[in-house]
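*Asks:* The following block contains the structure, expressed as structure tokens.
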Amino acid sequence: MAGRPIAPRLGRALLLAVFSALFVLYVAGPVAWLVSSSLQTEAQITAVPPNWLPPELNFGNFDAILNAAERQVTYETRRQGDPATGGFLPSGAANLLPSLWNSLTVGLWVAALNLLLSITAAYAIAVIDFRGRRATLYTVLATRVVPDIALIVPLFLVIRNLGLINTLGALVVTYLAITVPFTIFILISYFEGIPRDLYRAARIDGCGHWRALRHVYLPLSLPALVASLTFAFLTSWNEFVFALVLTQNVAAQTLPIVISGFVMDFTTSFSFVNAAGVIAIIPPVVMAVLFQRYIVSGLTAGAVKG
Amino acid sequence: MATITCERITKRYGGVVAVDALDLTIRHGEFMVLLGPSGCGKTTTLNMIAGLEEISEGRLLFDDKDVTWQPPHKREVAMVFQSYALYPNKTVRENIAFPLQLRRTPREEITRAVTEVAEQLEIGHLLDRRPSQLSGGQRQRVALGRAIVRKPSVFLMDEPLSNLDATLRLSMRSLIKHLHHRLRATFVYVTHDQAEAMTLADRIAVMKGGLVQQLDTPEGIYARPANTFVAAFLGSPQINLVQGEIAPDGSFARGAFRLALPPGAAQPGRAVTLGLRPEDVGTLAPGLARLEARVDLVSPLGSETHLEVVAGDDVKLTLRVPKEWRAQEGQVIAVGVDPARLHLFDATTDARL
């Protein structure tokens with residue numbers, strides 16, 4: 001590269017920088033605005049020209065969320081906060097923290113059970129040579145061909161007949177139906193990428209299938225396992241349509257349902273909704289930061305082999 | 001103690017027969033080499049003995065116990081793979097200790113066994129490294145260590161030296177031979193390398209197309225190959241195979257090429273293939289058949305010289321001669337061949353006559 005002229009190199013660097021900046025703006029812009037506006041009053045976010053950064057840090061919205069349970073919204077008190085000045089609380093505000101808890105509970109259960117179910121299925125399909133192995137794989141994949149929306153009504157009827165409407169269990173079971181086939185697929189690709197001789201060596205050294213899975217496949221699949229864990233948690237965390245149909249009140253409603261309810265009020269407090277949004281993205285962001293290096297290699301590994 | 005008996009063992013993949021009704025008895029303490037080109041069924045046979053491949057038909061016995069349906073971890077065999085197959089997430093120490101841990105061996109005993117094995121294989125200084133930090137030769141030593149630490153009665157080796165360079169292969173070869181002498185266990189060793197087979201084996205089973213072509217000691221197989229395939233597979237440079245027929249005077253003939261055979265070797269007029277090992281030629285002497293040929297190419301190797309010669313009209317032969325022979329390209333030479341050392345095969349069945 002020594003002989004290359006400097007001008008094209010500079011141009012290339014400049015182009016890269018410009019497009020990178022555009023991309024970052026596109027991806028991170030809405031998030032930045034979400035965070036910024038959650039720290040402003042309603043009047044400040046609706047001001048023209050807008051305040052890109054909060055004029056002063058205002059934690060009123062977060063305070064309102066954390067204390068929503070104590071502030072009863074009644075016919076008399078509902079006008080106490082003027083939307084224009086902040087302090088306005090939508091009627092469902094008190095449901096926010098319970099729904100956050102619901103979302104976490106469902107997400108963690110889904111993440112854990114999803115992994116537990118998928119690992120054994122993927123190991124069997126990837127490693128054990130049994131009759132009907134291909135058919136099993138295709139059946140698993142075929143379940144993902146049906147669009148979720150087509151499943152809603154039958155699923156609602158099944159869940160209702162089981163008496164599970166408005167329970168967290170109904171959500172866990174439903175989300176597993178979405179995540180397990182996909183996770184099985186990721187793990188199969190990953191397991192098949194592990195040299196077959198390691199499996200043979202393990203069997204010879206004294207491992208049955210359970211021990212081969214535990215001592216050889218799981219330690220070597222850490223990236224794929226973490227990716228699957230994250231995938232299942234995020235799918236559950238973000239899911240809206242099934243939760244809307246299968247839950248009715250604070251006993252089982254998840255965060256997306258409750259937050260969307262804030263927008264449907266006669267008046268919408270954008271600052272409050274955005275503060276709720278910030279709270280909603282904290283768990284996934286923490287998870288992503290913790291598992292970042294695994295997720296990247298996990299997903300590529302699955303992708304290349306799959 | 002372990003004598004391995006394969007009784008008409010067959011392996012089918014769909015319609016393809018990989019191993020065809022194999023009958024083979026491997027005696028206790030024997031070093032058996034399965035030798036053959038790739039696709040001959042040798043590795044499949046080894047995997048069936050290990051329990052890694054299901055046996056489609058037939059029975060497998062260890063001593064008198066039927067193990068046909070036993071999973072690998074119940075068979076008490078150890079195996080060394082061409083790819084080493086070390087667990088990348090474990091250190092050398094953990095790799096070697098793993099089979100013992102699975103058997104719930106007490107910790108002190110594991111430590112003692114691992115140290116002992118590491119000393120034997122001279123890998124004591126590597127115990128805390130991971131496989132990725134080792135060279136090929138070191139990895140294969142670790143793999144051997146993992147196999148011998150359990151002191152099993154059967155060792156299975158699947159081309160363990162194929163991934164090593166030539167020098168290392170030689171030293172590992174003698175290491176394996178020493179191990180066999182010391183452990184006195186039954187070894188089944190798969191390779192496509194005839195030199196490995198010849199140097200290591202008590203007996204060799206030469207395989208092709210899922211069938212054993214010949215089962216004998218290395219000397220026996222080399223001296224009396226059962227067919228042209230076996231004859232050609234062992235020996236370097238390869239045996240010279242010449243198609244022709246038996247002349248009325250009982251000698252071998254192909255065009256102008258004649259070579260005297262031992263009396264009554266075959267019926268005159270019969271179509272045969274003649275086998276002449278390159279090294280089975282010497283200076284002319286009474287009692288030897290005369291072979292005249294024109295030297296086409298001289299390849300001096302230092303310790304010996306290889307000559308490519310043309311005899312008769314079109315019979316190309318390779319001869320291995322002492323380095324002192326000063327042959328010139330284009331020169332016509334006459335060498336002596338001991339008729340008793342010639343091999344004759346049926347031209348249609350390729351079987352030894």
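Order determines the names: the first chain of the structure tokens is A, the second B, and so forth; residues in each chain are numbered 1 upward, and ligands are numbered 1 upward as they are shown.
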Compile the residues of chain A that lie within 8 Å of chain B, evaluated using only C-alpha atoms, and express the compilation as a VMD selection string.
*Replies:* chain A and resid 195 197 to 198 200 to 201 203 to 208 216 219 to 220
*Asks:* B:Pro339: which residues within 10 Å, counting only C-alpha atoms, same-chain residues fewer than 3 positions away excluded, as a ChimeraX atom specification?
*Replies:* /B:251,259-263,265,276,280,287-290,336,342-343
*Asks:* Could those residues be written to a file, using N, CA and C atoms, as a PDB file, in the first residue's frame?
*Replies:*
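Wrote it out as again.pdb, contents follow:
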```pdb
ATOM      1  N   SER B 251       8.169 -71.017 -19.961  1.00  0.00           N
ATOM      2  CA  SER B 251       8.599 -69.698 -19.495  1.00  0.00           C
ATOM      3  C   SER B 251       7.476 -68.680 -19.713  1.00  0.00           C
ATOM      4  N   LEU B 259      10.863 -64.841 -19.863  1.00  0.00           N
ATOM      5  CA  LEU B 259      11.510 -64.971 -18.560  1.00  0.00           C
ATOM      6  C   LEU B 259      11.253 -66.379 -18.043  1.00  0.00           C
ATOM      7  N   ALA B 260      12.338 -67.050 -17.670  1.00  0.00           N
ATOM      8  CA  ALA B 260      12.193 -68.440 -17.233  1.00  0.00           C
ATOM      9  C   ALA B 260      11.458 -68.499 -15.897  1.00  0.00           C
ATOM     10  N   LEU B 261      10.561 -69.486 -15.766  1.00  0.00           N
ATOM     11  CA  LEU B 261       9.795 -69.669 -14.528  1.00  0.00           C
ATOM     12  C   LEU B 261      10.228 -70.970 -13.892  1.00  0.00           C
ATOM     13  N   PRO B 262       9.931 -71.174 -12.638  1.00  0.00           N
ATOM     14  CA  PRO B 262      10.217 -72.479 -12.042  1.00  0.00           C
ATOM     15  C   PRO B 262       9.446 -73.539 -12.817  1.00  0.00           C
ATOM     16  N   PRO B 263      10.013 -74.736 -12.935  1.00  0.00           N
ATOM     17  CA  PRO B 263       9.327 -75.772 -13.714  1.00  0.00           C
ATOM     18  C   PRO B 263       7.928 -76.061 -13.175  1.00  0.00           C
ATOM     19  N   ALA B 265       5.264 -74.210 -13.245  1.00  0.00           N
ATOM     20  CA  ALA B 265       4.599 -73.090 -12.580  1.00  0.00           C
ATOM     21  C   ALA B 265       3.164 -72.943 -13.067  1.00  0.00           C
ATOM     22  N   LEU B 276       7.016 -59.066 -10.553  1.00  0.00           N
ATOM     23  CA  LEU B 276       8.448 -59.049 -10.244  1.00  0.00           C
ATOM     24  C   LEU B 276       8.722 -57.851  -9.341  1.00  0.00           C
ATOM     25  N   ASP B 280      14.021 -57.718  -6.537  1.00  0.00           N
ATOM     26  CA  ASP B 280      14.350 -59.130  -6.733  1.00  0.00           C
ATOM     27  C   ASP B 280      15.198 -59.360  -7.982  1.00  0.00           C
ATOM     28  N   GLY B 287      21.815 -70.541 -12.230  1.00  0.00           N
ATOM     29  CA  GLY B 287      20.552 -70.802 -11.538  1.00  0.00           C
ATOM     30  C   GLY B 287      19.596 -69.636 -11.609  1.00  0.00           C
ATOM     31  N   LEU B 288      20.055 -68.496 -12.057  1.00  0.00           N
ATOM     32  CA  LEU B 288      19.155 -67.331 -12.162  1.00  0.00           C
ATOM     33  C   LEU B 288      18.694 -67.181 -13.612  1.00  0.00           C
ATOM     34  N   ALA B 289      17.466 -66.674 -13.766  1.00  0.00           N
ATOM     35  CA  ALA B 289      16.959 -66.416 -15.111  1.00  0.00           C
ATOM     36  C   ALA B 289      17.574 -65.120 -15.614  1.00  0.00           C
ATOM     37  N   ARG B 290      17.793 -65.035 -16.910  1.00  0.00           N
ATOM     38  CA  ARG B 290      18.425 -63.844 -17.477  1.00  0.00           C
ATOM     39  C   ARG B 290      17.365 -62.868 -17.940  1.00  0.00           C
ATOM     40  N   GLY B 336      20.134 -60.887 -13.280  1.00  0.00           N
ATOM     41  CA  GLY B 336      19.665 -62.210 -12.934  1.00  0.00           C
ATOM     42  C   GLY B 336      18.422 -62.132 -12.059  1.00  0.00           C
ATOM     43  N   LEU B 342       9.578 -65.056  -8.333  1.00  0.00           N
ATOM     44  CA  LEU B 342       8.584 -64.459  -9.225  1.00  0.00           C
ATOM     45  C   LEU B 342       7.184 -64.807  -8.733  1.00  0.00           C
ATOM     46  N   HIS B 343       6.231 -63.927  -9.017  1.00  0.00           N
ATOM     47  CA  HIS B 343       4.839 -64.172  -8.621  1.00  0.00           C
ATOM     48  C   HIS B 343       4.014 -64.332  -9.877  1.00  0.00           C
TER      49      HIS B 343
END
```
*Asks:* Determine, counting only C-alpha atoms, which protein, DNA and RNA residues have an atom within 8 Å of an atom of B:Glu30; residues of the same chain fewer than 6 positions away are not included. Present the result as a list in words.
*Replies:*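 Here the qualifying residues turn out to be Arg184, Ala185, Thr186, Phe187, Asp202 and Arg203 of chain B.
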*Asks:* Can you pull out every residue within 9 Å of B:Val335, counting only C-alpha atoms, but drop anything in the same chain fewer than 4 positions away, and send it as a short mmCIF file (atom, residue, chain, number, x, y, z; two decimals) with N, CA and C atoms, in the first residue's frame?
*Replies:*
```cif
data_model
loop_
_atom_site.label_atom_id
_atom_site.label_comp_id
_atom_site.auth_asym_id
_atom_site.auth_seq_id
_atom_site.Cartn_x
_atom_site.Cartn_y
_atom_site.Cartn_z
N VAL B 281 16.12 -58.48 -8.25
CA VAL B 281 17.05 -58.68 -9.35
C VAL B 281 18.47 -58.57 -8.79
N GLY B 282 19.43 -59.22 -9.45
CA GLY B 282 20.81 -59.15 -8.99
C GLY B 282 21.75 -59.43 -10.15
N THR B 283 22.99 -59.56 -9.83
CA THR B 283 23.94 -59.88 -10.90
C THR B 283 23.67 -61.30 -11.38
N LEU B 284 23.95 -61.51 -12.66
CA LEU B 284 23.72 -62.83 -13.26
C LEU B 284 24.57 -63.88 -12.56
N ALA B 285 23.95 -65.00 -12.31
CA ALA B 285 24.69 -66.10 -11.67
C ALA B 285 24.03 -67.38 -12.11
N LEU B 288 20.05 -68.50 -12.06
CA LEU B 288 19.15 -67.33 -12.16
C LEU B 288 18.69 -67.18 -13.61
N ALA B 289 17.47 -66.67 -13.77
CA ALA B 289 16.96 -66.42 -15.11
C ALA B 289 17.57 -65.12 -15.61
N ARG B 290 17.79 -65.04 -16.91
CA ARG B 290 18.43 -63.84 -17.48
C ARG B 290 17.36 -62.87 -17.94
N LEU B 291 17.53 -61.63 -17.54
CA LEU B 291 16.58 -60.59 -17.96
C LEU B 291 17.40 -59.48 -18.63
N GLU B 292 17.12 -59.27 -19.91
CA GLU B 292 17.86 -58.25 -20.65
C GLU B 292 16.97 -57.05 -20.89
N ALA B 293 17.48 -55.86 -20.67
CA ALA B 293 16.63 -54.69 -20.83
C ALA B 293 17.47 -53.46 -21.13
#
```
*Asks:* Find the residues around stretch 161-164 of chain A up to 12 Å (only C-alpha atoms counted), leave out those fewer than 4 positions away in its own chain, and share them as a ChimeraX atom specification.
*Replies:* /A:154-157,168-174,246-248,251-252
*Asks:* Include N, CA and C atoms and write out the residues we just selected as a CSV table (one decimal), in the first residue's frame.
*Replies:*
```csv
chain,number,residue,atom,x,y,z
A,154,PRO,N,-57.2,-19.7,16.9
A,154,PRO,CA,-57.1,-21.0,17.5
A,154,PRO,C,-56.4,-21.1,18.9
A,155,LEU,N,-55.3,-20.3,18.9
A,155,LEU,CA,-54.6,-20.3,20.2
A,155,LEU,C,-55.4,-19.7,21.3
A,156,PHE,N,-56.1,-18.7,21.0
A,156,PHE,CA,-57.0,-18.0,22.0
A,156,PHE,C,-58.0,-19.0,22.6
A,157,LEU,N,-58.6,-19.8,21.6
A,157,LEU,CA,-59.6,-20.8,22.0
A,157,LEU,C,-59.0,-21.9,22.9
A,168,LEU,N,-49.6,-15.7,33.3
A,168,LEU,CA,-48.3,-15.6,32.7
A,168,LEU,C,-47.9,-16.9,32.0
A,169,GLY,N,-48.5,-18.0,32.5
A,169,GLY,CA,-48.2,-19.3,31.9
A,169,GLY,C,-48.6,-19.4,30.5
A,170,ALA,N,-49.8,-18.8,30.2
A,170,ALA,CA,-50.3,-18.8,28.8
A,170,ALA,C,-49.3,-18.1,27.9
A,171,LEU,N,-48.7,-17.0,28.3
A,171,LEU,CA,-47.7,-16.3,27.5
A,171,LEU,C,-46.5,-17.1,27.3
A,172,VAL,N,-46.0,-17.7,28.4
A,172,VAL,CA,-44.7,-18.5,28.3
A,172,VAL,C,-44.9,-19.6,27.3
A,173,VAL,N,-46.0,-20.3,27.4
A,173,VAL,CA,-46.2,-21.4,26.5
A,173,VAL,C,-46.3,-20.9,25.1
A,174,THR,N,-47.0,-19.8,24.9
A,174,THR,CA,-47.2,-19.3,23.5
A,174,THR,C,-45.8,-18.9,22.9
A,246,LEU,N,-54.2,-12.5,24.7
A,246,LEU,CA,-54.3,-13.5,25.8
A,246,LEU,C,-54.3,-12.9,27.2
A,247,THR,N,-54.1,-11.6,27.4
A,247,THR,CA,-54.1,-11.0,28.7
A,247,THR,C,-55.1,-9.9,28.8
A,248,GLN,N,-55.7,-9.7,30.0
A,248,GLN,CA,-56.7,-8.7,30.1
A,248,GLN,C,-56.5,-7.6,31.1
A,251,ALA,N,-52.8,-8.5,36.0
A,251,ALA,CA,-52.3,-9.7,36.5
A,251,ALA,C,-51.3,-10.3,35.5
A,252,ALA,N,-51.5,-10.1,34.3
A,252,ALA,CA,-50.6,-10.8,33.3
A,252,ALA,C,-50.2,-9.9,32.2
```
*Asks:* Taking 3 positions as the minimum chain separation for residues in the same chain, which residues sit within 12 Å of A:Leu34 when counting only C-alpha atoms? Answer as a PDB file with N, CA and C atoms, in the first residue's frame.
*Replies:*
```pdb
ATOM      1  N   ALA A  28     -29.516   5.139  15.897  1.00  0.00           N
ATOM      2  CA  ALA A  28     -29.483   5.601  17.284  1.00  0.00           C
ATOM      3  C   ALA A  28     -30.317   6.856  17.502  1.00  0.00           C
ATOM      4  N   GLY A  29     -30.670   7.542  16.442  1.00  0.00           N
ATOM      5  CA  GLY A  29     -31.417   8.799  16.565  1.00  0.00           C
ATOM      6  C   GLY A  29     -32.689   8.673  17.392  1.00  0.00           C
ATOM      7  N   PRO A  30     -33.571   7.753  17.015  1.00  0.00           N
ATOM      8  CA  PRO A  30     -34.818   7.611  17.779  1.00  0.00           C
ATOM      9  C   PRO A  30     -34.565   7.279  19.256  1.00  0.00           C
ATOM     10  N   VAL A  31     -33.548   6.467  19.497  1.00  0.00           N
ATOM     11  CA  VAL A  31     -33.251   6.090  20.883  1.00  0.00           C
ATOM     12  C   VAL A  31     -32.763   7.317  21.649  1.00  0.00           C
ATOM     13  N   SER A  37     -36.027  13.052  25.526  1.00  0.00           N
ATOM     14  CA  SER A  37     -37.359  13.588  25.830  1.00  0.00           C
ATOM     15  C   SER A  37     -37.898  13.055  27.155  1.00  0.00           C
ATOM     16  N   SER A  38     -37.389  11.890  27.574  1.00  0.00           N
ATOM     17  CA  SER A  38     -37.880  11.367  28.849  1.00  0.00           C
ATOM     18  C   SER A  38     -37.404  12.241  30.005  1.00  0.00           C
ATOM     19  N   LEU A  39     -36.384  13.053  29.747  1.00  0.00           N
ATOM     20  CA  LEU A  39     -35.844  13.916  30.800  1.00  0.00           C
ATOM     21  C   LEU A  39     -36.355  15.347  30.675  1.00  0.00           C
ATOM     22  N   GLN A  40     -37.363  15.554  29.827  1.00  0.00           N
ATOM     23  CA  GLN A  40     -37.925  16.899  29.653  1.00  0.00           C
ATOM     24  C   GLN A  40     -39.391  16.904  30.076  1.00  0.00           C
ATOM     25  N   ILE A  45     -40.775  19.207  25.367  1.00  0.00           N
ATOM     26  CA  ILE A  45     -40.648  18.384  24.151  1.00  0.00           C
ATOM     27  C   ILE A  45     -41.529  18.871  23.023  1.00  0.00           C
ATOM     28  N   TRP A  52     -33.206  19.523  21.477  1.00  0.00           N
ATOM     29  CA  TRP A  52     -32.569  18.222  21.203  1.00  0.00           C
ATOM     30  C   TRP A  52     -32.004  17.635  22.487  1.00  0.00           C
ATOM     31  N   LEU A  53     -31.462  18.524  23.335  1.00  0.00           N
ATOM     32  CA  LEU A  53     -31.002  18.059  24.644  1.00  0.00           C
ATOM     33  C   LEU A  53     -31.888  18.701  25.703  1.00  0.00           C
ATOM     34  N   PRO A  54     -32.115  18.030  26.828  1.00  0.00           N
ATOM     35  CA  PRO A  54     -32.971  18.632  27.870  1.00  0.00           C
ATOM     36  C   PRO A  54     -32.350  19.954  28.356  1.00  0.00           C
ATOM     37  N   PHE A 270     -46.492  12.613  26.050  1.00  0.00           N
ATOM     38  CA  PHE A 270     -45.335  12.036  25.341  1.00  0.00           C
ATOM     39  C   PHE A 270     -44.147  11.849  26.269  1.00  0.00           C
ATOM     40  N   SER A 271     -43.933  12.800  27.154  1.00  0.00           N
ATOM     41  CA  SER A 271     -42.785  12.703  28.046  1.00  0.00           C
ATOM     42  C   SER A 271     -42.911  11.465  28.934  1.00  0.00           C
ATOM     43  N   PHE A 272     -44.130  11.220  29.393  1.00  0.00           N
ATOM     44  CA  PHE A 272     -44.353  10.064  30.259  1.00  0.00           C
ATOM     45  C   PHE A 272     -44.170   8.761  29.472  1.00  0.00           C
ATOM     46  N   VAL A 273     -44.750   8.719  28.266  1.00  0.00           N
ATOM     47  CA  VAL A 273     -44.614   7.507  27.437  1.00  0.00           C
ATOM     48  C   VAL A 273     -43.145   7.239  27.131  1.00  0.00           C
ATOM     49  N   ASN A 274     -42.414   8.300  26.859  1.00  0.00           N
ATOM     50  CA  ASN A 274     -41.008   8.109  26.524  1.00  0.00           C
ATOM     51  C   ASN A 274     -40.195   7.658  27.737  1.00  0.00           C
ATOM     52  N   ALA A 275     -40.546   8.160  28.896  1.00  0.00           N
ATOM     53  CA  ALA A 275     -39.865   7.706  30.105  1.00  0.00           C
ATOM     54  C   ALA A 275     -40.132   6.210  30.306  1.00  0.00           C
ATOM     55  N   ALA A 276     -41.391   5.797  30.056  1.00  0.00           N
ATOM     56  CA  ALA A 276     -41.728   4.375  30.146  1.00  0.00           C
ATOM     57  C   ALA A 276     -40.924   3.590  29.123  1.00  0.00           C
ATOM     58  N   GLY A 277     -40.767   4.179  27.930  1.00  0.00           N
ATOM     59  CA  GLY A 277     -39.986   3.533  26.878  1.00  0.00           C
ATOM     60  C   GLY A 277     -38.549   3.321  27.308  1.00  0.00           C
ATOM     61  N   VAL A 278     -37.976   4.314  27.984  1.00  0.00           N
ATOM     62  CA  VAL A 278     -36.593   4.181  28.445  1.00  0.00           C
ATOM     63  C   VAL A 278     -36.482   3.020  29.422  1.00  0.00           C
ATOM     64  N   ILE A 279     -37.452   2.942  30.331  1.00  0.00           N
ATOM     65  CA  ILE A 279     -37.429   1.831  31.287  1.00  0.00           C
ATOM     66  C   ILE A 279     -37.552   0.488  30.555  1.00  0.00           C
ATOM     67  N   ALA A 280     -38.371   0.496  29.494  1.00  0.00           N
ATOM     68  CA  ALA A 280     -38.588  -0.755  28.757  1.00  0.00           C
ATOM     69  C   ALA A 280     -37.347  -1.225  28.027  1.00  0.00           C
ATOM     70  N   ILE A 281     -36.491  -0.285  27.615  1.00  0.00           N
ATOM     71  CA  ILE A 281     -35.324  -0.763  26.852  1.00  0.00           C
ATOM     72  C   ILE A 281     -34.127  -1.068  27.754  1.00  0.00           C
TER      73      ILE A 281
END
```
*Asks:* Please, what distance in Å, to one decimal, runs between atom CA of B:Arg277 and atom CA of B:Ser236?
*Replies:*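 Value for the atom CA of B:Arg277-atom CA of B:Ser236 distance: 9.0 Å.
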*Asks:* So which one's closest to B:Pro160, B:Gly220, B:Gly136, B:Gly58, B:Gly209? Using only C-alpha atoms, please.
*Replies:*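 For B:Pro160, the nearest of the candidates is B:Gly136.
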*Asks:* DSSP on the backbone: what in stretch 127-228 of chain B comes out helix (DSSP H, G or I), as a PyMOL selection string?
*Replies:* chain B and resi 131-133+136-148+166-183+194-200+218-223+228
*Asks:* Just the selected residues (C-alpha atoms), exported as a compact mmCIF listing (two decimals), in the first residue's frame, please.
*Replies:*
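out.txt written:
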```
# COMPACT_ATOMS: atom_id res chain seq x y z
CA PRO B 131 -4.74 -28.16 22.58
CA SER B 132 -4.66 -25.04 20.39
CA GLN B 133 -1.27 -24.16 21.89
CA GLY B 136 0.59 -31.66 15.77
CA GLY B 137 3.03 -34.14 17.28
CA GLN B 138 2.33 -32.94 20.81
CA ARG B 139 -1.41 -33.16 20.21
CA GLN B 140 -1.13 -36.73 19.05
CA ARG B 141 0.90 -37.57 22.15
CA VAL B 142 -1.88 -36.11 24.30
CA ALA B 143 -4.42 -38.15 22.34
CA LEU B 144 -2.34 -41.27 23.00
CA GLY B 145 -2.14 -40.29 26.65
CA ARG B 146 -5.91 -39.98 26.88
CA ALA B 147 -6.18 -43.46 25.39
CA ILE B 148 -3.62 -45.26 27.55
CA ALA B 166 7.45 -37.44 7.78
CA THR B 167 10.04 -37.16 10.57
CA LEU B 168 7.46 -37.01 13.34
CA ARG B 169 5.63 -39.92 11.81
CA LEU B 170 8.73 -42.08 12.16
CA SER B 171 9.30 -41.22 15.82
CA MET B 172 5.60 -41.62 16.66
CA ARG B 173 5.62 -44.94 14.88
CA SER B 174 8.32 -46.30 17.16
CA LEU B 175 6.54 -44.76 20.15
CA ILE B 176 3.38 -46.67 19.27
CA LYS B 177 5.35 -49.86 18.79
CA HIS B 178 6.98 -49.43 22.20
CA LEU B 179 3.58 -48.76 23.75
CA HIS B 180 2.29 -51.99 22.30
CA HIS B 181 5.23 -53.93 23.70
CA ARG B 182 4.77 -52.38 27.11
CA LEU B 183 0.98 -52.55 27.37
CA GLN B 194 2.03 -49.70 3.75
CA ALA B 195 5.25 -48.76 5.52
CA GLU B 196 3.34 -48.18 8.76
CA ALA B 197 1.54 -51.46 8.29
CA MET B 198 4.71 -53.42 7.61
CA THR B 199 6.67 -51.98 10.53
CA LEU B 200 3.94 -52.11 13.17
CA PRO B 218 3.76 -58.63 6.98
CA GLU B 219 6.43 -61.00 5.67
CA GLY B 220 3.83 -63.44 4.39
CA ILE B 221 1.84 -60.76 2.63
CA TYR B 222 4.93 -59.32 1.03
CA ALA B 223 6.37 -62.65 -0.02
CA THR B 228 -2.43 -58.46 -7.88
```
*Asks:* How far is it from atom CA of B:Gln238 to atom CA of B:Asp216, in Å with one decimal?
*Replies:*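 Spanning atom CA of B:Gln238 to atom CA of B:Asp216 is a straight-line distance of 19.3 Å.
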*Asks:* I need the residue nearest A:Arg144 from this list: A:Pro181, A:Gly11, A:Gly132, A:Gly261. Use only C-alpha atoms for the distance.
*Replies:*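 Closest candidate: A:Pro181.
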*Asks:* Any idea what the distance is between atom CA of A:Gly60 and atom CA of A:Pro256?
*Replies:* 21.6 Å
*Asks:* Would you mind writing down, as a tab-separated table (two decimals) with C-alpha atoms, in the first residue's frame, each residue of stretch 174-286 of chain B that DSSP on the backbone assigns to strand (DSSP E or B)?
*Replies:*
```tsv
chain	number	residue	atom	x	y	z
B	186	THR	CA	-4.85	-55.73	21.60
B	187	PHE	CA	-4.20	-53.03	18.99
B	188	VAL	CA	-6.30	-52.49	15.89
B	189	TYR	CA	-4.68	-49.94	13.64
B	190	VAL	CA	-6.13	-48.51	10.45
B	191	THR	CA	-3.86	-47.03	7.81
B	203	ARG	CA	-0.65	-59.38	11.15
B	204	ILE	CA	-2.07	-57.26	8.34
B	205	ALA	CA	-5.56	-57.48	6.87
B	206	VAL	CA	-5.44	-55.93	3.41
B	207	MET	CA	-8.91	-54.67	2.50
B	208	LYS	CA	-10.59	-53.56	-0.68
B	211	LEU	CA	-13.62	-57.43	1.72
B	212	VAL	CA	-10.43	-58.70	3.27
B	213	GLN	CA	-8.13	-59.54	0.36
B	214	GLN	CA	-5.47	-61.20	2.46
B	215	LEU	CA	-4.78	-61.76	6.14
B	216	ASP	CA	-1.24	-62.69	7.03
B	227	ASN	CA	-3.68	-61.29	-5.70
B	240	ASN	CA	6.14	-54.82	-11.74
B	241	LEU	CA	3.05	-56.51	-13.14
B	242	VAL	CA	3.28	-57.76	-16.70
B	243	GLN	CA	0.42	-59.42	-18.56
B	244	GLY	CA	1.35	-62.25	-20.87
B	245	GLU	CA	1.07	-66.00	-21.20
B	246	ILE	CA	2.94	-69.22	-20.51
B	252	PHE	CA	6.66	-66.42	-19.29
B	253	ALA	CA	6.19	-64.67	-22.62
B	254	ARG	CA	4.95	-61.35	-23.82
B	257	PHE	CA	9.99	-60.70	-23.73
B	258	ARG	CA	10.78	-64.09	-22.14
B	259	LEU	CA	11.51	-64.97	-18.56
B	271	ALA	CA	-2.95	-66.14	-19.71
B	272	VAL	CA	-1.16	-64.90	-16.61
B	273	THR	CA	0.12	-61.77	-14.92
B	274	LEU	CA	3.75	-61.86	-13.88
B	275	GLY	CA	4.85	-60.07	-10.74
B	276	LEU	CA	8.45	-59.05	-10.24
B	281	VAL	CA	17.05	-58.68	-9.35
B	282	GLY	CA	20.81	-59.15	-8.99
```
